[in-house]
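Structure data follow from coords.cif (mmCIF, C-alpha atoms):
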data_work
#
loop_
_atom_site.group_PDB
_atom_site.id
_atom_site.type_symbol
_atom_site.label_atom_id
_atom_site.label_comp_id
_atom_site.auth_asym_id
_atom_site.auth_seq_id
_atom_site.Cartn_x
_atom_site.Cartn_y
_atom_site.Cartn_z
ATOM 1 C CA MET A 1 -139.535 87.834 -136.868
ATOM 2 C CA ILE A 2 -137.697 89.101 -133.782
ATOM 3 C CA LYS A 3 -139.745 90.375 -130.890
ATOM 4 C CA ARG A 4 -138.391 93.615 -129.495
ATOM 5 C CA ARG A 5 -140.848 93.731 -126.590
ATOM 6 C CA LEU A 6 -142.143 90.927 -124.456
ATOM 7 C CA MET A 7 -144.891 91.280 -121.865
ATOM 8 C CA LEU A 8 -144.218 89.378 -118.652
ATOM 9 C CA LYS A 9 -147.072 89.178 -116.184
ATOM 10 C CA TYR A 10 -146.456 88.437 -112.528
ATOM 11 C CA GLU A 11 -149.390 86.603 -111.017
ATOM 12 C CA GLY A 12 -148.151 86.443 -107.420
ATOM 13 C CA ARG A 13 -147.147 82.782 -107.534
ATOM 14 C CA ASP A 14 -143.927 81.135 -106.419
ATOM 15 C CA PRO A 15 -141.268 81.014 -107.628
ATOM 16 C CA ASN A 16 -140.954 84.769 -108.073
ATOM 17 C CA PHE A 17 -138.684 85.045 -111.135
ATOM 18 C CA PHE A 18 -138.601 84.971 -114.919
ATOM 19 C CA GLU A 19 -136.017 83.239 -117.068
ATOM 20 C CA VAL A 20 -134.990 84.600 -120.441
ATOM 21 C CA PHE A 21 -132.926 82.410 -122.753
ATOM 22 C CA ILE A 22 -131.010 83.737 -125.745
ATOM 23 C CA ASP A 23 -129.284 81.209 -127.981
ATOM 24 C CA ASP A 24 -125.987 82.372 -129.469
ATOM 25 C CA PRO A 25 -126.586 86.128 -129.724
ATOM 26 C CA ASP A 26 -124.893 87.700 -132.738
ATOM 27 C CA THR A 27 -125.044 91.269 -131.397
ATOM 28 C CA ASN A 28 -124.964 93.124 -128.110
ATOM 29 C CA PHE A 29 -128.337 93.403 -126.394
ATOM 30 C CA LYS A 30 -130.018 95.166 -123.509
ATOM 31 C CA LEU A 31 -132.653 93.869 -121.113
ATOM 32 C CA GLU A 32 -134.972 96.286 -119.333
ATOM 33 C CA LEU A 33 -137.722 95.766 -116.808
ATOM 34 C CA ARG A 34 -140.437 98.415 -116.704
ATOM 35 C CA GLN A 35 -143.700 98.795 -114.919
ATOM 36 C CA GLU A 36 -146.707 99.035 -117.172
ATOM 37 C CA ASP A 37 -147.276 102.570 -118.470
ATOM 38 C CA GLU A 38 -143.926 103.817 -117.081
ATOM 39 C CA ASP A 39 -141.194 105.360 -119.241
ATOM 40 C CA GLN A 40 -138.278 104.780 -116.888
ATOM 41 C CA PRO A 41 -137.001 101.214 -116.432
ATOM 42 C CA ILE A 42 -136.787 99.856 -112.897
ATOM 43 C CA TRP A 43 -133.952 97.531 -113.962
ATOM 44 C CA THR A 44 -131.553 97.559 -116.928
ATOM 45 C CA CYS A 45 -128.802 95.201 -117.971
ATOM 46 C CA ALA A 46 -126.607 95.692 -121.049
ATOM 47 C CA ILE A 47 -125.033 92.459 -122.238
ATOM 48 C CA ARG A 48 -122.257 92.397 -124.786
ATOM 49 C CA LYS A 49 -122.129 89.544 -127.251
ATOM 50 C CA ASP A 50 -118.688 88.535 -125.947
ATOM 51 C CA GLU A 51 -119.902 88.406 -122.333
ATOM 52 C CA TYR A 52 -122.774 86.041 -123.064
ATOM 53 C CA GLN A 53 -121.219 82.596 -123.224
ATOM 54 C CA SER A 54 -122.456 79.061 -123.179
ATOM 55 C CA ILE A 55 -119.951 77.258 -121.017
ATOM 56 C CA LYS A 56 -120.456 73.521 -120.688
ATOM 57 C CA VAL A 57 -119.517 73.657 -117.009
ATOM 58 C CA GLU A 58 -122.400 76.076 -116.399
ATOM 59 C CA GLU A 59 -124.810 73.433 -117.633
ATOM 60 C CA THR A 60 -123.469 70.839 -115.188
ATOM 61 C CA VAL A 61 -123.769 73.078 -112.153
ATOM 62 C CA GLU A 62 -126.790 75.096 -113.213
ATOM 63 C CA GLN A 63 -129.439 73.299 -111.187
ATOM 64 C CA SER A 64 -127.854 73.769 -107.762
ATOM 65 C CA SER A 65 -126.716 77.333 -108.337
ATOM 66 C CA LYS A 66 -129.879 78.957 -109.593
ATOM 67 C CA PRO A 67 -130.915 81.523 -107.038
ATOM 68 C CA GLY A 68 -134.532 80.720 -107.827
ATOM 69 C CA CYS A 69 -134.311 77.072 -106.795
ATOM 70 C CA SER A 70 -136.723 76.833 -103.923
ATOM 71 C CA GLY A 71 -135.671 74.976 -100.815
ATOM 72 C CA SER A 72 -131.962 74.868 -101.655
ATOM 73 C CA LYS A 73 -129.015 76.963 -100.585
ATOM 74 C CA HIS A 74 -127.154 79.047 -103.123
ATOM 75 C CA PHE A 75 -124.084 77.273 -104.523
ATOM 76 C CA VAL A 76 -121.853 79.964 -102.982
ATOM 77 C CA ASP A 77 -123.275 79.303 -99.495
ATOM 78 C CA LYS A 78 -123.349 75.538 -99.848
ATOM 79 C CA HIS A 79 -119.643 75.381 -100.753
ATOM 80 C CA GLN A 80 -118.354 78.232 -98.593
ATOM 81 C CA VAL A 81 -115.631 76.233 -96.807
ATOM 82 C CA GLN A 82 -114.239 74.721 -100.017
ATOM 83 C CA LEU A 83 -114.345 78.059 -101.843
ATOM 84 C CA ILE A 84 -112.489 79.809 -99.014
ATOM 85 C CA GLU A 85 -109.823 77.087 -99.144
ATOM 86 C CA LYS A 86 -109.380 76.878 -102.912
ATOM 87 C CA VAL A 87 -110.200 80.198 -104.599
ATOM 88 C CA THR A 88 -107.047 82.207 -105.263
ATOM 89 C CA ILE A 89 -108.325 84.707 -107.862
ATOM 90 C CA VAL A 90 -109.569 87.152 -105.244
ATOM 91 C CA GLY A 91 -108.068 90.097 -107.152
ATOM 92 C CA THR A 92 -110.263 89.328 -110.159
ATOM 93 C CA ILE A 93 -113.315 89.023 -107.921
ATOM 94 C CA LEU A 94 -112.544 92.304 -106.162
ATOM 95 C CA ASP A 95 -112.078 94.085 -109.492
ATOM 96 C CA LYS A 96 -115.517 92.939 -110.685
ATOM 97 C CA PHE A 97 -117.146 93.775 -107.343
ATOM 98 C CA LEU A 98 -115.661 97.279 -107.447
ATOM 99 C CA VAL A 99 -116.918 97.852 -111.006
ATOM 100 C CA LYS A 100 -120.384 96.538 -110.068
ATOM 101 C CA ARG A 101 -120.285 98.713 -106.909
ATOM 102 C CA PHE A 102 -120.753 95.812 -104.503
ATOM 103 C CA ILE A 103 -117.753 97.241 -102.645
ATOM 104 C CA ASN A 104 -116.186 100.679 -102.439
ATOM 105 C CA GLN A 105 -112.522 101.585 -102.953
ATOM 106 C CA GLU A 106 -111.820 101.518 -99.211
ATOM 107 C CA SER A 107 -113.122 97.940 -98.851
ATOM 108 C CA TYR A 108 -111.264 96.927 -101.998
ATOM 109 C CA ASN A 109 -107.964 98.241 -100.579
ATOM 110 C CA ARG A 110 -108.567 96.694 -97.152
ATOM 111 C CA ILE A 111 -109.318 93.243 -98.574
ATOM 112 C CA ARG A 112 -106.393 93.409 -101.042
ATOM 113 C CA ALA A 113 -104.053 94.202 -98.122
ATOM 114 C CA LEU A 114 -104.860 90.917 -96.354
ATOM 115 C CA SER A 115 -101.944 88.513 -96.645
ATOM 116 C CA THR A 116 -103.607 85.285 -97.830
ATOM 117 C CA SER A 117 -106.359 84.467 -100.292
ATOM 118 C CA GLN A 118 -108.153 82.569 -97.506
ATOM 119 C CA GLU A 119 -108.284 85.736 -95.357
ATOM 120 C CA GLN A 120 -109.488 87.725 -98.366
ATOM 121 C CA MET A 121 -112.213 85.165 -99.112
ATOM 122 C CA ARG A 122 -113.370 85.151 -95.474
ATOM 123 C CA GLU A 123 -113.658 88.935 -95.662
ATOM 124 C CA LEU A 124 -115.742 88.660 -98.850
ATOM 125 C CA TYR A 125 -118.048 86.184 -97.116
ATOM 126 C CA SER A 126 -118.438 88.440 -94.067
ATOM 127 C CA GLY A 127 -119.104 91.502 -96.225
ATOM 128 C CA PRO A 128 -120.464 91.682 -99.781
ATOM 129 C CA LEU A 129 -121.481 88.024 -100.041
ATOM 130 C CA LYS A 130 -123.771 88.510 -97.029
ATOM 131 C CA ALA A 131 -125.647 91.245 -98.889
ATOM 132 C CA GLY A 132 -127.836 89.052 -101.051
ATOM 133 C CA THR A 133 -128.238 86.847 -104.071
ATOM 134 C CA THR A 134 -127.265 89.410 -106.735
ATOM 135 C CA CYS A 135 -123.729 89.607 -105.406
ATOM 136 C CA LYS A 136 -123.609 85.817 -104.970
ATOM 137 C CA ASP A 137 -124.785 85.324 -108.549
ATOM 138 C CA ILE A 138 -122.029 87.590 -109.910
ATOM 139 C CA PHE A 139 -119.477 85.827 -107.689
ATOM 140 C CA TYR A 140 -120.653 82.463 -108.989
ATOM 141 C CA LYS A 141 -120.391 83.620 -112.621
ATOM 142 C CA ILE A 142 -116.839 84.850 -112.023
ATOM 143 C CA LEU A 143 -115.951 81.445 -110.566
ATOM 144 C CA VAL A 144 -117.519 79.552 -113.478
ATOM 145 C CA LYS A 145 -115.641 81.693 -115.986
ATOM 146 C CA ASN A 146 -112.262 81.578 -114.226
ATOM 147 C CA LEU A 147 -112.336 78.291 -112.299
ATOM 148 C CA PRO A 148 -114.664 75.978 -114.252
ATOM 149 C CA TYR A 149 -112.983 72.757 -113.116
ATOM 150 C CA LEU A 150 -113.244 73.674 -109.432
ATOM 151 C CA ILE A 151 -116.936 74.475 -109.820
ATOM 152 C CA ALA A 152 -117.604 71.239 -111.708
ATOM 153 C CA ASP A 153 -115.711 69.284 -109.044
ATOM 154 C CA LEU A 154 -117.701 70.863 -106.217
ATOM 155 C CA GLU A 155 -120.951 70.150 -108.016
ATOM 156 C CA ARG A 156 -120.072 66.477 -108.439
ATOM 157 C CA LYS A 157 -119.348 66.135 -104.711
ATOM 158 C CA LYS A 158 -122.742 67.523 -103.560
#

How would this structure read if it were set down as structure tokens?
Amino acid sequence: MIKRRLMLKYEGRDPNFFEVFIDDPDTNFKLELRQEDEDQPIWTCAIRKDEYQSIKVEETVEQSSKPGCSGSKHFVDKHQVQLIEKVTIVGTILDKFLVKRFINQESYNRIRALSTSQEQMRELYSGPLKAGTTCKDIFYKILVKNLPYLIADLERKK
């Protein structure tokens, strides 16, 4: 039996998050968060089967990068200097940020025009990555997908 609806009850305790695990999905799926007795969702996320991956590197770095880990900095903040030095896939990051609307076309063009990846990364850190954990989480996922060995290496160095 597959449950289509699941009631989550927030009791005002820390940490303030829920985790949902889905092992090897065989179809696309959609997650929605709704207030009780409301028709409109307050949050929706469509996840395609191909986008949901179990990457072994994610498991090795998972503990330090979870935004919900109390008392610890986000992986992206903790390794800012190393990420600025070593990440060269800024175009890929900018493309995802534009699609997710973390940046607008003007910011995208301005950052792309910078001459080095280090300058581009510094601009990301002074702009969208300052905005909050959602953007940092997406950034982290892009890094895990595209630069898994760098992420694993940074995690080992703690």

message: To one decimal place in Å, what is the distance between atom CA of Glu119 of chain A and atom CA of Glu85 of chain A?
response: 9.6 Å

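The space between atom CA of Lys136 of chain A and atom CA of Val99 of chain A spans 15.0 Å.
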
task: Compute the distance from (-113.5, 95.6, -97.7) to each atom, counting all atoms listed in the file, keep the residues with any atom at most 10 Å away, and return them as a list in words; use the coordinates of the file.
output: Leu94, Phe102, Ile103, Asn104, Gln105, Glu106, Ser107, Tyr108, Asn109, Arg110, Ile111, Arg112, Ala113, Leu114, Gln120, Glu123, Leu124, Ser126, Gly127 and Pro128 of chain A

message: Just to confirm, what's the straight-line distance from atom CA of Val76 of chain A to atom CA of Tyr140 of chain A in Å (one decimal)?
response: 6.6 Å

- request: Select, from A:His74, A:Lys86, A:His79, A:Arg34, the residue with the minimum atom-to-atom distance to Leu154 of chain A, counting all atoms listed in the file.
  value: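 Among A:His74, A:Lys86, A:His79, A:Arg34, it is A:His79 that comes nearest to Leu154 of chain A.
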
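Here the question is which of A:Lys73, A:Asp37, A:Gln82, A:Thr44 gets nearest to Asp153 of chain A using only C-alpha atoms, and that residue is A:Gln82.
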
query: With all atoms listed in the file as the basis for distance, which of A:Thr27, A:Ser117, A:Thr133, A:Asn146 is at the shortest distance from Asp77 of chain A?
result: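 Among the listed residues, A:Thr133 lies closest to Asp77 of chain A.
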
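Nearest to Lys96 of chain A of all the residues A:Ile142, A:Met121, A:Ile84, A:Leu33 is A:Ile142, based on only C-alpha atoms.
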
- prompt: For Lys145 of chain A, which residue among A:Gln118, A:Pro41, A:Ile89, A:Asp95 is the nearest when counting all atoms listed in the file?
  reply: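 Using all atoms listed in the file, the shortest distance to Lys145 of chain A belongs to A:Ile89.
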
What does the PyMOL selection byres ((chain A and resi 151) around 10) select in this file, as a CSV table (one decimal) with C-alpha atoms, in the frame of the given file?
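Done, and the output landed in out08.csv:
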chain,number,residue,atom,x,y,z
A,57,VAL,CA,-119.5,73.7,-117.0
A,58,GLU,CA,-122.4,76.1,-116.4
A,60,THR,CA,-123.5,70.8,-115.2
A,61,VAL,CA,-123.8,73.1,-112.2
A,75,PHE,CA,-124.1,77.3,-104.5
A,79,HIS,CA,-119.6,75.4,-100.8
A,83,LEU,CA,-114.3,78.1,-101.8
A,140,TYR,CA,-120.7,82.5,-109.0
A,143,LEU,CA,-116.0,81.4,-110.6
A,144,VAL,CA,-117.5,79.6,-113.5
A,145,LYS,CA,-115.6,81.7,-116.0
A,146,ASN,CA,-112.3,81.6,-114.2
A,147,LEU,CA,-112.3,78.3,-112.3
A,148,PRO,CA,-114.7,76.0,-114.3
A,149,TYR,CA,-113.0,72.8,-113.1
A,150,LEU,CA,-113.2,73.7,-109.4
A,152,ALA,CA,-117.6,71.2,-111.7
A,153,ASP,CA,-115.7,69.3,-109.0
A,154,LEU,CA,-117.7,70.9,-106.2
A,155,GLU,CA,-121.0,70.2,-108.0
A,156,ARG,CA,-120.1,66.5,-108.4

- request: Check the smallest atom-to-atom distance from each of A:Gln35, A:Lys141, A:Cys45, A:Lys30 to Phe97 of chain A using only C-alpha atoms, then report the winner.
  value: A:Lys141

Please report, as JSON, the centre and edge lengths in Å to one decimal of an axis-aligned box covering all listed atoms of segment 125-129 of chain A with 4 Å per side.
{"center_x": -119.8, "center_y": 88.9, "center_z": -97.1, "size_x": 11.4, "size_y": 13.5, "size_z": 14.0}
